[in-house]
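What follows is the content of work-v3.tsv, which has TSV, C-alpha atoms:
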chain	number	residue	atom	x	y	z
U	1	MET	CA	89.46	-54.20	-90.40
U	2	LYS	CA	85.80	-53.51	-89.66
U	3	ALA	CA	85.44	-52.84	-85.95
U	4	ALA	CA	82.73	-52.01	-83.45
U	5	VAL	CA	83.12	-50.32	-80.07
U	6	ILE	CA	80.27	-50.88	-77.61
U	7	GLY	CA	80.28	-47.95	-75.23
U	8	SER	CA	80.86	-44.23	-75.75
U	9	GLY	CA	82.55	-43.22	-72.52
U	10	SER	CA	86.05	-41.78	-72.42
U	11	TRP	CA	87.89	-45.11	-72.81
U	12	GLY	CA	85.55	-46.45	-75.47
U	13	THR	CA	85.86	-43.20	-77.43
U	14	ALA	CA	89.66	-43.15	-77.10
U	15	PHE	CA	89.84	-46.78	-78.23
U	16	ALA	CA	87.66	-46.01	-81.25
U	17	LYS	CA	90.01	-43.15	-82.09
U	18	VAL	CA	93.02	-45.47	-81.96
U	19	LEU	CA	91.32	-48.02	-84.22
U	20	GLY	CA	90.30	-45.29	-86.67
U	21	ASP	CA	93.75	-43.72	-86.70
U	22	ALA	CA	95.25	-47.17	-87.33
U	23	GLY	CA	93.09	-47.59	-90.44
U	24	SER	CA	90.01	-49.51	-89.32
U	25	SER	CA	86.42	-48.67	-90.17
U	26	VAL	CA	84.78	-48.19	-86.76
U	27	THR	CA	81.16	-48.02	-85.66
U	28	MET	CA	80.57	-46.96	-82.08
U	29	TRP	CA	77.43	-47.88	-80.17
U	30	ALA	CA	76.02	-45.24	-77.84
U	31	ARG	CA	72.95	-45.47	-75.61
U	32	ARG	CA	71.88	-41.88	-76.29
U	33	GLU	CA	71.02	-40.62	-79.76
U	34	ALA	CA	72.50	-37.20	-78.96
U	35	VAL	CA	75.93	-38.77	-78.43
U	36	ALA	CA	75.70	-40.88	-81.59
U	37	THR	CA	74.64	-37.84	-83.62
U	38	GLU	CA	77.51	-35.75	-82.25
U	39	ILE	CA	80.02	-38.44	-83.21
U	40	ARG	CA	78.53	-38.86	-86.70
U	41	GLU	CA	78.07	-35.20	-87.54
U	42	HIS	CA	80.75	-33.40	-85.55
U	43	ARG	CA	83.49	-36.08	-85.25
U	44	GLY	CA	83.64	-35.68	-81.49
U	45	ASN	CA	82.24	-36.66	-78.09
U	46	GLU	CA	82.50	-33.55	-75.95
U	47	GLY	CA	80.79	-35.12	-72.96
U	48	SER	CA	83.49	-37.79	-72.63
U	49	LEU	CA	86.59	-36.41	-74.37
U	50	PRO	CA	86.37	-32.65	-74.89
U	51	GLY	CA	88.31	-31.25	-77.84
U	52	VAL	CA	89.12	-34.62	-79.40
U	53	ARG	CA	88.44	-35.12	-83.11
U	54	LEU	CA	87.74	-38.61	-84.46
U	55	ALA	CA	88.80	-39.91	-87.87
U	56	GLU	CA	86.32	-39.82	-90.74
U	57	SER	CA	86.27	-43.63	-90.60
U	58	VAL	CA	84.60	-43.52	-87.15
U	59	THR	CA	80.82	-43.30	-86.96
U	60	ALA	CA	78.17	-44.10	-84.36
U	61	THR	CA	74.68	-45.52	-83.89
U	62	THR	CA	72.24	-46.45	-81.13
U	63	ASP	CA	71.37	-49.68	-82.97
U	64	LEU	CA	73.64	-52.42	-81.63
U	65	ALA	CA	72.82	-54.82	-84.48
U	66	GLU	CA	73.94	-52.16	-86.94
U	67	ALA	CA	77.12	-51.47	-84.96
U	68	VAL	CA	78.32	-55.08	-84.86
U	69	SER	CA	77.09	-56.17	-88.30
U	70	ALA	CA	79.98	-57.86	-90.15
U	71	ALA	CA	82.44	-56.62	-87.50
U	72	GLU	CA	85.69	-58.57	-87.28
U	73	LEU	CA	86.57	-56.94	-83.95
U	74	ILE	CA	84.05	-56.02	-81.23
U	75	ALA	CA	85.44	-54.03	-78.31
U	76	ILE	CA	83.29	-53.74	-75.19
U	77	ALA	CA	83.70	-50.71	-72.91
U	78	VAL	CA	80.80	-50.69	-70.46
U	79	PRO	CA	80.85	-50.66	-66.62
U	80	SER	CA	82.02	-54.11	-65.56
U	81	GLN	CA	79.09	-54.82	-63.24
U	82	THR	CA	76.62	-54.28	-66.11
U	83	LEU	CA	78.37	-56.61	-68.55
U	84	ARG	CA	76.46	-59.82	-67.83
U	85	GLY	CA	73.04	-58.21	-68.13
U	86	ASN	CA	73.98	-56.44	-71.35
U	87	LEU	CA	75.51	-59.52	-72.98
U	88	ALA	CA	72.34	-61.48	-72.40
U	89	ASP	CA	70.72	-59.13	-74.93
U	90	TRP	CA	73.70	-58.63	-77.23
U	91	ALA	CA	75.49	-61.94	-77.67
U	92	GLY	CA	73.29	-63.34	-80.43
U	93	LEU	CA	74.20	-60.37	-82.61
U	94	PHE	CA	77.96	-60.97	-82.65
U	95	PRO	CA	79.24	-62.38	-85.98
U	96	ALA	CA	80.73	-65.88	-85.81
U	97	ASP	CA	84.50	-65.88	-85.23
U	98	SER	CA	84.58	-62.15	-84.49
U	99	THR	CA	87.25	-61.19	-81.97
U	100	VAL	CA	85.71	-59.87	-78.74
U	101	VAL	CA	87.94	-57.35	-76.96
U	102	SER	CA	87.40	-56.61	-73.28
U	103	LEU	CA	88.31	-53.05	-72.28
U	104	MET	CA	86.82	-53.49	-68.80
U	105	LYS	CA	88.80	-53.70	-65.59
U	106	GLY	CA	86.78	-55.32	-62.84
U	107	ILE	CA	85.76	-58.51	-61.05
U	108	GLU	CA	82.05	-59.39	-61.13
U	109	LEU	CA	80.22	-59.16	-57.82
U	110	GLY	CA	78.80	-62.45	-56.59
U	111	THR	CA	80.38	-64.76	-59.17
U	112	LEU	CA	83.92	-63.35	-58.64
U	113	LYS	CA	84.59	-63.87	-62.35
U	114	ARG	CA	86.94	-61.86	-64.52
U	115	MET	CA	85.41	-59.98	-67.45
U	116	SER	CA	86.72	-62.45	-70.04
U	117	GLU	CA	85.08	-65.27	-68.08
U	118	VAL	CA	81.77	-63.39	-68.09
U	119	ILE	CA	82.04	-62.92	-71.87
U	120	ILE	CA	82.83	-66.59	-72.46
U	121	GLU	CA	80.03	-67.78	-70.21
U	122	THR	CA	77.31	-65.34	-71.20
U	123	ALA	CA	78.01	-64.76	-74.88
U	124	GLY	CA	78.98	-68.36	-75.64
U	125	VAL	CA	82.29	-67.16	-77.10
U	126	ALA	CA	85.24	-69.55	-77.23
U	127	PRO	CA	88.12	-68.51	-74.94
U	128	ASP	CA	90.53	-68.12	-77.86
U	129	ARG	CA	88.23	-65.45	-79.35
U	130	VAL	CA	88.46	-63.18	-76.31
U	131	VAL	CA	91.21	-60.57	-76.11
U	132	VAL	CA	91.98	-58.39	-73.09
U	133	VAL	CA	93.53	-54.94	-73.45
U	134	SER	CA	95.23	-53.63	-70.34
U	135	GLY	CA	98.00	-51.30	-69.29
U	136	PRO	CA	98.43	-47.59	-68.57
U	137	ASN	CA	95.30	-46.43	-70.41
U	138	VAL	CA	94.50	-42.88	-69.26
U	139	ALA	CA	92.01	-42.07	-71.98
U	140	PRO	CA	92.49	-38.28	-72.39
U	141	GLU	CA	96.25	-38.73	-72.87
U	142	ILE	CA	95.73	-41.45	-75.49
U	143	ALA	CA	93.15	-39.34	-77.30
U	144	ALA	CA	95.61	-36.43	-77.31
U	145	GLY	CA	98.11	-38.61	-79.16
U	146	GLN	CA	100.65	-38.80	-76.33
U	147	PRO	CA	103.00	-41.83	-76.61
U	148	THR	CA	101.37	-44.79	-74.86
U	149	THR	CA	101.97	-48.52	-74.57
U	150	THR	CA	99.50	-51.27	-73.72
U	151	VAL	CA	99.17	-55.07	-73.56
U	152	VAL	CA	96.96	-57.21	-75.79
U	153	ALA	CA	96.41	-60.59	-74.08
U	154	CYS	CA	94.83	-63.70	-75.60
U	155	SER	CA	95.29	-67.46	-75.39
U	156	ASP	CA	95.50	-67.46	-79.21
U	157	GLU	CA	98.80	-65.83	-80.18
U	158	GLY	CA	97.69	-65.24	-83.75
U	159	ARG	CA	94.55	-63.42	-82.69
U	160	ALA	CA	96.53	-61.31	-80.23
U	161	LYS	CA	98.85	-60.26	-83.06
U	162	GLN	CA	95.90	-59.36	-85.29
U	163	VAL	CA	94.56	-57.01	-82.63
U	164	GLN	CA	98.06	-55.68	-82.02
U	165	HIS	CA	98.38	-54.67	-85.67
U	166	ALA	CA	94.85	-53.19	-85.67
U	167	LEU	CA	95.84	-50.86	-82.82
U	168	ALA	CA	99.37	-49.84	-83.78
U	169	THR	CA	99.77	-46.12	-84.45
U	170	PRO	CA	102.68	-43.68	-84.07
U	171	TYR	CA	101.38	-42.82	-80.60
U	172	PHE	CA	99.91	-46.16	-79.43
U	173	ARG	CA	102.23	-49.17	-79.20
U	174	PRO	CA	100.67	-52.53	-78.19
U	175	TYR	CA	102.58	-55.57	-76.89
U	176	THR	CA	101.17	-59.10	-76.83
U	177	SER	CA	100.85	-61.60	-73.99
U	178	ASP	CA	99.20	-64.95	-73.36
U	179	ASP	CA	98.61	-64.20	-69.66
U	180	VAL	CA	94.94	-63.22	-69.71
U	181	ILE	CA	94.53	-63.88	-65.98
U	182	GLY	CA	97.45	-61.66	-64.98
U	183	CYS	CA	96.44	-58.80	-67.25
U	184	GLU	CA	92.85	-58.81	-66.00
U	185	LEU	CA	93.79	-59.00	-62.33
U	186	GLY	CA	96.34	-56.23	-62.73
U	187	GLY	CA	93.70	-53.99	-64.29
U	188	ALA	CA	91.04	-54.76	-61.70
U	189	CYS	CA	93.22	-54.51	-58.61
U	190	LYS	CA	94.94	-51.27	-59.61
U	191	ASN	CA	91.58	-49.50	-59.43
U	192	VAL	CA	91.29	-50.36	-55.75
U	193	ILE	CA	94.85	-49.33	-54.95
U	194	ALA	CA	94.27	-46.06	-56.81
U	195	LEU	CA	91.33	-45.34	-54.51
U	196	ALA	CA	93.67	-45.75	-51.55
U	197	TYR	CA	96.25	-43.52	-53.24
U	198	GLY	CA	93.67	-40.80	-53.79
U	199	MET	CA	92.70	-40.94	-50.12
U	200	ALA	CA	96.36	-40.57	-49.16
U	201	VAL	CA	96.66	-37.48	-51.37
U	202	SER	CA	93.71	-35.79	-49.67
U	203	LEU	CA	95.01	-36.74	-46.23
U	204	GLY	CA	98.21	-34.84	-47.05
U	205	LEU	CA	100.40	-37.93	-46.88
U	206	GLY	CA	103.71	-37.70	-48.68
U	207	ASP	CA	105.85	-39.58	-51.14
U	208	ASN	CA	106.91	-42.32	-48.73
U	209	THR	CA	103.27	-43.23	-48.11
U	210	ARG	CA	102.39	-43.05	-51.78
U	211	ALA	CA	105.35	-45.19	-52.83
U	212	SER	CA	104.45	-47.70	-50.14
U	213	LEU	CA	100.88	-47.93	-51.41
U	214	ILE	CA	102.04	-48.60	-54.97
U	215	THR	CA	104.62	-51.23	-54.05
U	216	ARG	CA	102.59	-53.03	-51.39
U	217	GLY	CA	99.50	-52.79	-53.57
U	218	LEU	CA	101.43	-54.45	-56.37
U	219	ALA	CA	102.58	-57.16	-53.95
U	220	GLU	CA	98.95	-57.88	-52.99
U	221	THR	CA	97.94	-58.06	-56.64
U	222	ALA	CA	100.78	-60.40	-57.52
U	223	ARG	CA	99.96	-62.72	-54.61
U	224	LEU	CA	96.39	-63.04	-55.82
U	225	GLY	CA	97.50	-63.48	-59.41
U	226	VAL	CA	99.92	-66.28	-58.61
U	227	ALA	CA	97.25	-68.05	-56.55
U	228	LEU	CA	94.96	-67.97	-59.61
U	229	GLY	CA	97.58	-69.14	-62.10
U	230	ALA	CA	98.96	-65.90	-63.51
U	231	ASP	CA	102.58	-65.39	-64.53
U	232	PRO	CA	104.22	-63.33	-61.73
U	233	LEU	CA	106.31	-61.46	-64.31
U	234	THR	CA	103.14	-59.92	-65.73
U	235	PHE	CA	102.83	-57.75	-62.64
U	236	ALA	CA	106.26	-56.22	-63.25
U	237	GLY	CA	105.14	-55.07	-66.71
U	238	LEU	CA	102.69	-52.69	-68.36
U	239	ALA	CA	99.53	-54.49	-67.24
U	240	GLY	CA	100.79	-54.61	-63.65
U	241	LEU	CA	103.15	-51.90	-62.46
U	242	GLY	CA	102.58	-49.69	-65.50
U	243	ASP	CA	98.82	-49.55	-65.11
U	244	LEU	CA	99.09	-49.13	-61.34
U	245	VAL	CA	101.51	-46.20	-61.54
U	246	ALA	CA	99.38	-44.41	-64.14
U	247	SER	CA	96.15	-44.86	-62.17
U	248	CYS	CA	97.73	-43.71	-58.93
U	249	SER	CA	99.88	-40.84	-60.16
U	250	SER	CA	97.61	-39.26	-62.79
U	251	PRO	CA	95.18	-36.57	-61.57
U	252	LEU	CA	93.07	-37.58	-64.61
U	253	ALA	CA	92.55	-41.15	-63.35
U	254	ARG	CA	88.96	-41.57	-62.16
U	255	ASN	CA	89.65	-43.98	-59.26
U	256	ARG	CA	92.33	-41.71	-57.83
U	257	LYS	CA	89.96	-38.72	-58.15
U	258	PHE	CA	87.19	-40.66	-56.45
U	259	GLY	CA	89.58	-41.64	-53.65
U	260	GLU	CA	90.52	-38.00	-53.13
U	261	HIS	CA	86.88	-37.18	-52.46
U	262	LEU	CA	86.61	-40.04	-49.97
U	263	GLY	CA	89.80	-38.83	-48.29
U	264	ARG	CA	88.12	-35.49	-47.69
U	265	GLY	CA	85.40	-37.25	-45.74
U	266	GLU	CA	82.76	-37.30	-48.47
U	267	THR	CA	80.28	-40.16	-48.76
U	268	LEU	CA	80.12	-42.48	-51.76
U	269	GLU	CA	77.10	-40.54	-53.02
U	270	GLN	CA	78.87	-37.18	-52.69
U	271	ALA	CA	81.99	-38.51	-54.43
U	272	GLN	CA	79.88	-39.95	-57.25
U	273	THR	CA	78.09	-36.64	-57.74
U	274	ALA	CA	81.38	-34.74	-57.79
U	275	THR	CA	83.22	-37.02	-60.24
U	276	ARG	CA	80.27	-37.96	-62.51
U	277	GLN	CA	82.20	-41.03	-63.63
U	278	THR	CA	82.19	-44.74	-62.83
U	279	ALA	CA	85.03	-45.62	-60.45
U	280	GLU	CA	85.27	-49.38	-60.96
U	281	GLY	CA	87.29	-49.88	-57.79
U	282	VAL	CA	84.35	-48.91	-55.56
U	283	LYS	CA	82.47	-52.09	-56.42
U	284	SER	CA	85.46	-54.24	-57.33
U	285	CYS	CA	86.97	-53.82	-53.86
U	286	LEU	CA	84.14	-56.04	-52.61
U	287	SER	CA	84.61	-58.77	-55.22
U	288	ILE	CA	88.41	-58.67	-55.06
U	289	ARG	CA	88.29	-58.94	-51.26
U	290	ASP	CA	86.01	-61.97	-51.55
U	291	LEU	CA	88.15	-63.52	-54.29
U	292	ALA	CA	91.25	-63.12	-52.13
U	293	ARG	CA	89.56	-64.65	-49.10
U	294	ALA	CA	88.29	-67.58	-51.17
U	295	ASN	CA	91.86	-68.30	-52.24
U	296	GLY	CA	93.54	-67.71	-48.88
U	297	VAL	CA	95.36	-64.56	-50.03
U	298	GLU	CA	95.94	-61.57	-47.74
U	299	MET	CA	95.14	-58.20	-49.32
U	300	PRO	CA	95.15	-55.70	-46.43
U	301	ILE	CA	94.98	-52.55	-48.56
U	302	VAL	CA	91.98	-53.92	-50.45
U	303	GLU	CA	90.36	-54.85	-47.13
U	304	GLN	CA	90.72	-51.31	-45.77
U	305	VAL	CA	89.49	-49.68	-48.99
U	306	GLU	CA	86.39	-51.84	-48.80
U	307	ARG	CA	85.84	-50.77	-45.19
U	308	VAL	CA	86.11	-47.08	-46.11
U	309	CYS	CA	83.82	-47.43	-49.13
U	310	HIS	CA	81.18	-49.74	-47.72
U	311	GLU	CA	81.42	-49.76	-43.94
U	312	GLY	CA	81.91	-46.05	-43.27
U	313	VAL	CA	85.38	-46.35	-41.73
U	314	ASP	CA	87.29	-43.05	-41.59
U	315	PRO	CA	90.30	-43.16	-43.97
U	316	ARG	CA	92.57	-42.04	-41.14
U	317	ILE	CA	91.49	-45.03	-39.08
U	318	ALA	CA	92.11	-47.30	-42.08
U	319	VAL	CA	95.70	-45.99	-42.31
U	320	LYS	CA	96.25	-46.70	-38.61
U	321	LEU	CA	94.88	-50.23	-38.99
U	322	LEU	CA	97.23	-50.89	-41.92
U	323	MET	CA	100.25	-49.61	-40.01
U	324	THR	CA	99.56	-51.59	-36.84
U	325	ARG	CA	98.99	-54.97	-38.46
U	326	GLU	CA	101.06	-57.97	-37.40
U	327	MET	CA	104.67	-57.61	-38.55
U	328	LYS	CA	105.71	-59.98	-41.36
U	329	PRO	CA	108.68	-60.38	-43.72
U	330	GLU	CA	108.34	-58.59	-47.04

Written form, C-alpha cells:
Amino acid sequence: MKAAVIGSGSWGTAFAKVLGDAGSSVTMWARREAVATEIREHRGNEGSLPGVRLAESVTATTDLAEAVSAAELIAIAVPSQTLRGNLADWAGLFPADSTVVSLMKGIELGTLKRMSEVIIETAGVAPDRVVVVSGPNVAPEIAAGQPTTTVVACSDEGRAKQVQHALATPYFRPYTSDDVIGCELGGACKNVIALAYGMAVSLGLGDNTRASLITRGLAETARLGVALGADPLTFAGLAGLGDLVASCSSPLARNRKFGEHLGRGETLEQAQTATRQTAEGVKSCLSIRDLARANGVEMPIVEQVERVCHEGVDPRIAVKLLMTREMKPE
C-alpha cells in the first residue's frame, strides 16, 4: 500500500513506522524542512522520537501534494483544533477513494464535532472513507516495538479490514469496529481524565483516588457516548478503558504529564513551556463540557478539569468540590 502521514510529531512518526514495518511505502509530511531532511537522510526524527529508526520505505517531504500523490491511505496526525483550517487547504489534494485515517483525539471547539465529522464536512469525504484509529497508543512504546493493540473503526467493514491488514506487525495488533462515535469519544475524553489523574499524582493522592478517577471518568465517558449513539460495550474495550488506563498510568503520556504540572500549581503557560507538547485535553475539556451540557449529560470530572485549566481554580479545591457533590447511586 502507498500511504501518507500528515504530521511528524511523536504519534505521526510512530504510525509511519508501523506502516513501514508492515510493508507499506510511506511518505510523511512535515512542516519544517529540517525534520523532513532528517527523516529522509538519517531514518529518524530525534525531536519527536529519539533513538527510533524508520524503515527504508519511509521518507518525508514538506510538499503536501507530493506526500499524498497516489496515496491509498492518508493518515492525519495534527493537533485537533487545527484540523479544520488545515483541511481547507489540503482536501483538494486527496486522491479520490483514498482512505482517510484520523489519528486525532479531540472534540472541535465551537462546533462540538468529532474529528471524523470535521473531515467529512471540510474535506468532502464520504463517511465510509473515514477510519478512526484509537486505543492505548503511547507513541514511544509503539516505536520501541513493545506489544500493543489498537482499534480501527469505520462504518465500512471492508475498509476497516484493509487498514487493519496495513497496520498488522509482530508488535502492533489492530482490531476492527464499526463504532466510530464510541472510539472517538473514548479517545477525546480520556485526555481530560488523564489531566485530572496527573493532578492527583502531584497532589500526592494515592491508589484509591487514582482508581476512582479512572472508573468514574470511564462512567462519564460512557454516559456521553450512549447519549450520542455509541455502543456502551466500546467503553469496556481498547478504545475506552484501554486507552484511558494507558493515558493515566503512563508517565510518558502527555496529558498526564501536563496535569502533573497543573497539580503543582503551575499556570497553563508554565505547563506548556515545561512539557513542550500539545496536551489535547486542555482545549477539549471545554468542548466536551459543552457537548455534555448540550445533551443533558453530567460529567463532573470534566467540569472540574475545565475550571482548573481555564478558570484558575486550585486543584485541591476541585477535589473538594467533586467529593462534596450531591450523593447519587452509582

Show me, as an mmCIF file with C-alpha atoms, in the frame of the given file, the residues that have an atom within 7 Å of Thr27 (chain U) when counting all atoms listed in the file, minus same-chain residues fewer than 5 positions from it.
data_model
loop_
_atom_site.group_PDB
_atom_site.id
_atom_site.type_symbol
_atom_site.label_atom_id
_atom_site.label_comp_id
_atom_site.auth_asym_id
_atom_site.auth_seq_id
_atom_site.Cartn_x
_atom_site.Cartn_y
_atom_site.Cartn_z
ATOM 1 C CA ALA U 3 85.440 -52.840 -85.950
ATOM 2 C CA ALA U 4 82.730 -52.010 -83.450
ATOM 3 C CA VAL U 5 83.120 -50.320 -80.070
ATOM 4 C CA VAL U 58 84.600 -43.520 -87.150
ATOM 5 C CA THR U 59 80.820 -43.300 -86.960
ATOM 6 C CA ALA U 60 78.170 -44.100 -84.360
ATOM 7 C CA ALA U 67 77.120 -51.470 -84.960
#

| message | Which residues are near Asp128 (chain U)? Cut-off 12 Å, only C-alpha atoms, ignore same chain within fewer than 3 positions. Put them as a ChimeraX atom specification. | response | /U:97-101,116-117,119-120,124-125,131-132,153-160,178,180

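With distances taken over all atoms listed in the file, U:Asp179 is the one residue among U:Asp179, U:Glu108, U:Glu41, U:Glu121 lying closest to Ser134 (chain U).
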
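Remark: for Gly106 (chain U), the closest of the candidate residues U:Arg216, U:Lys320, U:Lys190, U:Arg256 is U:Lys190 (distances computed over all atoms listed in the file).
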
Would you compute the box with edges along x, y and z of the file around region 269-277 of chain U, including every atom the file lists for it and 4 Å extra on each side, and give its centre and edge lengths in Å to one decimal, as JSON?
{"center_x": 80.2, "center_y": -37.9, "center_z": -58.2, "size_x": 14.1, "size_y": 14.3, "size_z": 18.9}

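Counting from CA of Ala211 (chain U), the distance to CA of Val313 (chain U) is 22.9 Å.
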
List the neighbours of Arg264 (chain U) out to 9 Å using only C-alpha atoms; skip same-chain residues closer than 2 positions along the sequence, and give me the result as a compact mmCIF listing (two decimals) with C-alpha atoms, keeping the file's coordinate frame.
# COMPACT_ATOMS: atom_id res chain seq x y z
CA MET U 199 92.70 -40.94 -50.12
CA SER U 202 93.71 -35.79 -49.67
CA LEU U 203 95.01 -36.74 -46.23
CA GLY U 259 89.58 -41.64 -53.65
CA GLU U 260 90.52 -38.00 -53.13
CA HIS U 261 86.88 -37.18 -52.46
CA LEU U 262 86.61 -40.04 -49.97
CA GLU U 266 82.76 -37.30 -48.47
CA PRO U 315 90.30 -43.16 -43.97

| note | The residue from U:Ala16, U:Ala91, U:Leu291, U:Ala219 with the smallest atom-to-atom distance to Ala143 (chain U), counting all atoms listed in the file, is U:Ala16
